[in-house]
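Presented below is the structure to which this report refers.
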Amino acid sequence: MSNRCNIRCDGCYYFEGEKQFAKEIGDAESMAQADAGRKSPRHHLRCLAGAEPSLVPELLDVCYQEMQLGSIATNGFKKIPESVDYKIHISVWGNDETSLRVRKAKNLLKKQIENYKNESARGICLTPLRGENIDESKRCRRRACC
């Protein structure tokens, strides 16, 4: 989608390898033209990711207008417009303390919850289990807080 991101996460796979240097599609018209070349009866599901799709809502809108079934991977810091009715896969790496340490993002979990608390039809929280947050996951399961 874009090579821009509003946070830098330790271990983010987008910023490893060559994909981070891909030429960005910068405007809605260019996205529509690129999208037209991808149309095929075999393509019926769209998965949008990287670096942070919420930073290019105009491109998300173009994609949704062309294909209504899909999902978006996001850090959840900025809300994706409801007009883009894809499933929203929100990457939650732990509580706010962990997010600050690992993702350099202050109050990220609070912001993610604020942005998607009323999004039961769209929002899906994904938690990568890593050494930095595995203990939080164990505590959550015992308390059923997630």
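As shown in the structure tokens, the chain order sets the letters A, B, ...; within each chain, residues go from 1, and ligands are also counted from 1 in the order they appear.
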**OP:** Excluding stretch 56-71 of chain A and residues on its chain fewer than 2 positions from it, collect all residues at most 7 Å away from it, counting only C-alpha atoms, and give them as a list of chain:residue names.
**Re:**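 Contacts, in chain order: A:Asp27, A:Ala28, A:Met31, A:Ala32, A:His44, A:Leu45, A:Arg46, A:Cys47, A:Leu48, A:Pro53, A:Ser54, A:Ala73, A:Ile80, A:Val84, A:Tyr86, A:Lys87, A:Ile88, A:His89.
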Hey, can you spit out that residue selection with C-alpha atoms as a PDB file, in the first residue's frame?
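Result saved to again29.pdb:
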ATOM      1  CA  ASP A  27      -2.364   8.937  -5.485  1.00  0.00           C
ATOM      2  CA  ALA A  28      -5.839   7.504  -5.990  1.00  0.00           C
ATOM      3  CA  MET A  31      -3.914   3.212  -7.653  1.00  0.00           C
ATOM      4  CA  ALA A  32      -7.063   2.840  -9.767  1.00  0.00           C
ATOM      5  CA  HIS A  44     -11.997 -12.140  -5.335  1.00  0.00           C
ATOM      6  CA  LEU A  45     -10.302 -11.237  -2.050  1.00  0.00           C
ATOM      7  CA  ARG A  46      -7.981  -8.324  -1.302  1.00  0.00           C
ATOM      8  CA  CYS A  47      -5.406  -8.274   1.523  1.00  0.00           C
ATOM      9  CA  LEU A  48      -3.783  -4.884   2.108  1.00  0.00           C
ATOM     10  CA  PRO A  53      -2.323   1.395   5.197  1.00  0.00           C
ATOM     11  CA  SER A  54      -4.235   3.796   7.467  1.00  0.00           C
ATOM     12  CA  ALA A  73      -3.335  -5.222   8.387  1.00  0.00           C
ATOM     13  CA  ILE A  80      -9.444   3.349   8.987  1.00  0.00           C
ATOM     14  CA  VAL A  84     -13.788   0.936   3.763  1.00  0.00           C
ATOM     15  CA  TYR A  86     -12.873  -4.636   5.045  1.00  0.00           C
ATOM     16  CA  LYS A  87     -11.920  -6.738   8.065  1.00  0.00           C
ATOM     17  CA  ILE A  88      -9.349  -4.775  10.046  1.00  0.00           C
ATOM     18  CA  HIS A  89      -6.520  -6.889  11.489  1.00  0.00           C
TER      19      HIS A  89
END
**OP:** Apply DSSP to the backbone of this structure and, from stretch 12-134 of chain A, keep only the residues in alpha helix (DSSP H); write these as an NGL selection string.
**Re:** :A and (28-36 or 57-66 or 96-103 or 108-116 or 134)
Please write the residues from the selection above to a file, keeping C-alpha atoms, as a CSV table (one decimal), in the first residue's frame.
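Here's the written file out.csv:
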chain,number,residue,atom,x,y,z
A,28,ALA,CA,-5.8,7.5,-6.0
A,29,GLU,CA,-5.7,7.8,-9.8
A,30,SER,CA,-2.5,5.8,-10.0
A,31,MET,CA,-3.9,3.2,-7.7
A,32,ALA,CA,-7.1,2.8,-9.8
A,33,GLN,CA,-4.9,2.4,-12.9
A,34,ALA,CA,-2.7,-0.2,-11.2
A,35,ASP,CA,-5.8,-1.9,-9.8
A,36,ALA,CA,-7.4,-2.2,-13.2
A,57,PRO,CA,-7.1,6.3,3.2
A,58,GLU,CA,-7.7,7.5,-0.3
A,59,LEU,CA,-5.9,4.4,-1.7
A,60,LEU,CA,-7.9,2.2,0.6
A,61,ASP,CA,-11.1,3.7,-0.7
A,62,VAL,CA,-10.1,3.1,-4.3
A,63,CYS,CA,-9.3,-0.6,-3.5
A,64,TYR,CA,-12.7,-1.0,-1.7
A,65,GLN,CA,-14.6,0.5,-4.5
A,66,GLU,CA,-13.1,-2.0,-6.9
A,96,ASP,CA,0.8,0.1,26.6
A,97,GLU,CA,4.1,-0.4,28.5
A,98,THR,CA,5.1,-3.2,26.1
A,99,SER,CA,4.0,-1.1,23.1
A,100,LEU,CA,6.2,1.8,24.3
A,101,ARG,CA,9.2,-0.5,24.8
A,102,VAL,CA,8.8,-2.6,21.6
A,103,ARG,CA,7.0,-0.3,19.2
A,108,LEU,CA,-0.9,2.5,21.6
A,109,LEU,CA,-3.3,-0.1,23.1
A,110,LYS,CA,-5.4,2.7,24.5
A,111,LYS,CA,-5.6,4.3,21.1
A,112,GLN,CA,-6.3,1.0,19.3
A,113,ILE,CA,-9.2,0.3,21.7
A,114,GLU,CA,-10.5,3.8,21.3
A,115,ASN,CA,-10.4,3.6,17.5
A,116,TYR,CA,-12.0,0.1,17.2
A,134,ILE,CA,4.5,-13.8,26.3
**OP:** Go through A:Thr127, A:Glu119, A:Lys79, A:Lys104 one by one, measure the shortest atom-to-atom distance of each to A:Cys9 using only C-alpha atoms, and give the residue with the smallest value.
**Re:** A:Lys104
Subject >> Who sits within 12 Å of A:Phe15, only C-alpha atoms, same chain under 3 positions skipped, as a ChimeraX atom specification >> reply: /A:2-5,7-12,18-22,50-52
Could the residues in this selection be written to a file with C-alpha atoms, as a short mmCIF file (atom, residue, chain, number, x, y, z; two decimals), in the first residue's frame?
data_model
loop_
_atom_site.label_atom_id
_atom_site.label_comp_id
_atom_site.auth_asym_id
_atom_site.auth_seq_id
_atom_site.Cartn_x
_atom_site.Cartn_y
_atom_site.Cartn_z
CA SER A 2 2.58 2.49 1.12
CA ASN A 3 6.14 2.65 2.36
CA ARG A 4 5.20 5.10 5.13
CA CYS A 5 4.58 4.20 8.76
CA ILE A 7 5.65 3.99 14.28
CA ARG A 8 8.73 1.75 14.17
CA CYS A 9 8.22 -1.69 15.66
CA ASP A 10 11.09 -3.88 16.69
CA GLY A 11 10.83 -6.89 14.39
CA CYS A 12 8.48 -5.38 11.80
CA GLU A 18 13.79 -5.05 -0.29
CA LYS A 19 10.03 -4.42 -0.08
CA GLN A 20 10.58 -1.24 1.91
CA PHE A 21 12.26 0.28 -1.14
CA ALA A 22 9.42 -0.44 -3.57
CA GLY A 50 2.52 -2.44 4.56
CA ALA A 51 3.87 -0.30 5.70
CA GLU A 52 0.83 1.34 7.36
#
Subject >> In chain A, DSSP strand (DSSP E or B) residues written as a ChimeraX atom specification >> reply: /A:46-48,70-74,87-91,123-126
**OP:** Report the distance between atom CA of A:Met1 and atom CA of A:Thr74 in Å, rounded to one decimal place.
**Re:**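 Here the two named atoms are 11.1 Å from each other.
Distance annotation: of A:Arg130, A:Asn107, A:Tyr13, A:Glu82, the residue with the minimal separation from A:Ala49 is A:Tyr13; atom set is only C-alpha atoms.
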Subject >> Distance of atom CA of A:Ile90 from atom CA of A:Glu132, expressed in Å to one decimal place >> reply: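 Going from atom CA of A:Glu132 over to atom CA of A:Ile90, I get 18.0 Å.
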**OP:** For atom CA of A:Asn95 and atom CA of A:Lys117, quote the distance in Å rounded to one decimal.
**Re:**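 These two atoms are separated by 15.7 Å.
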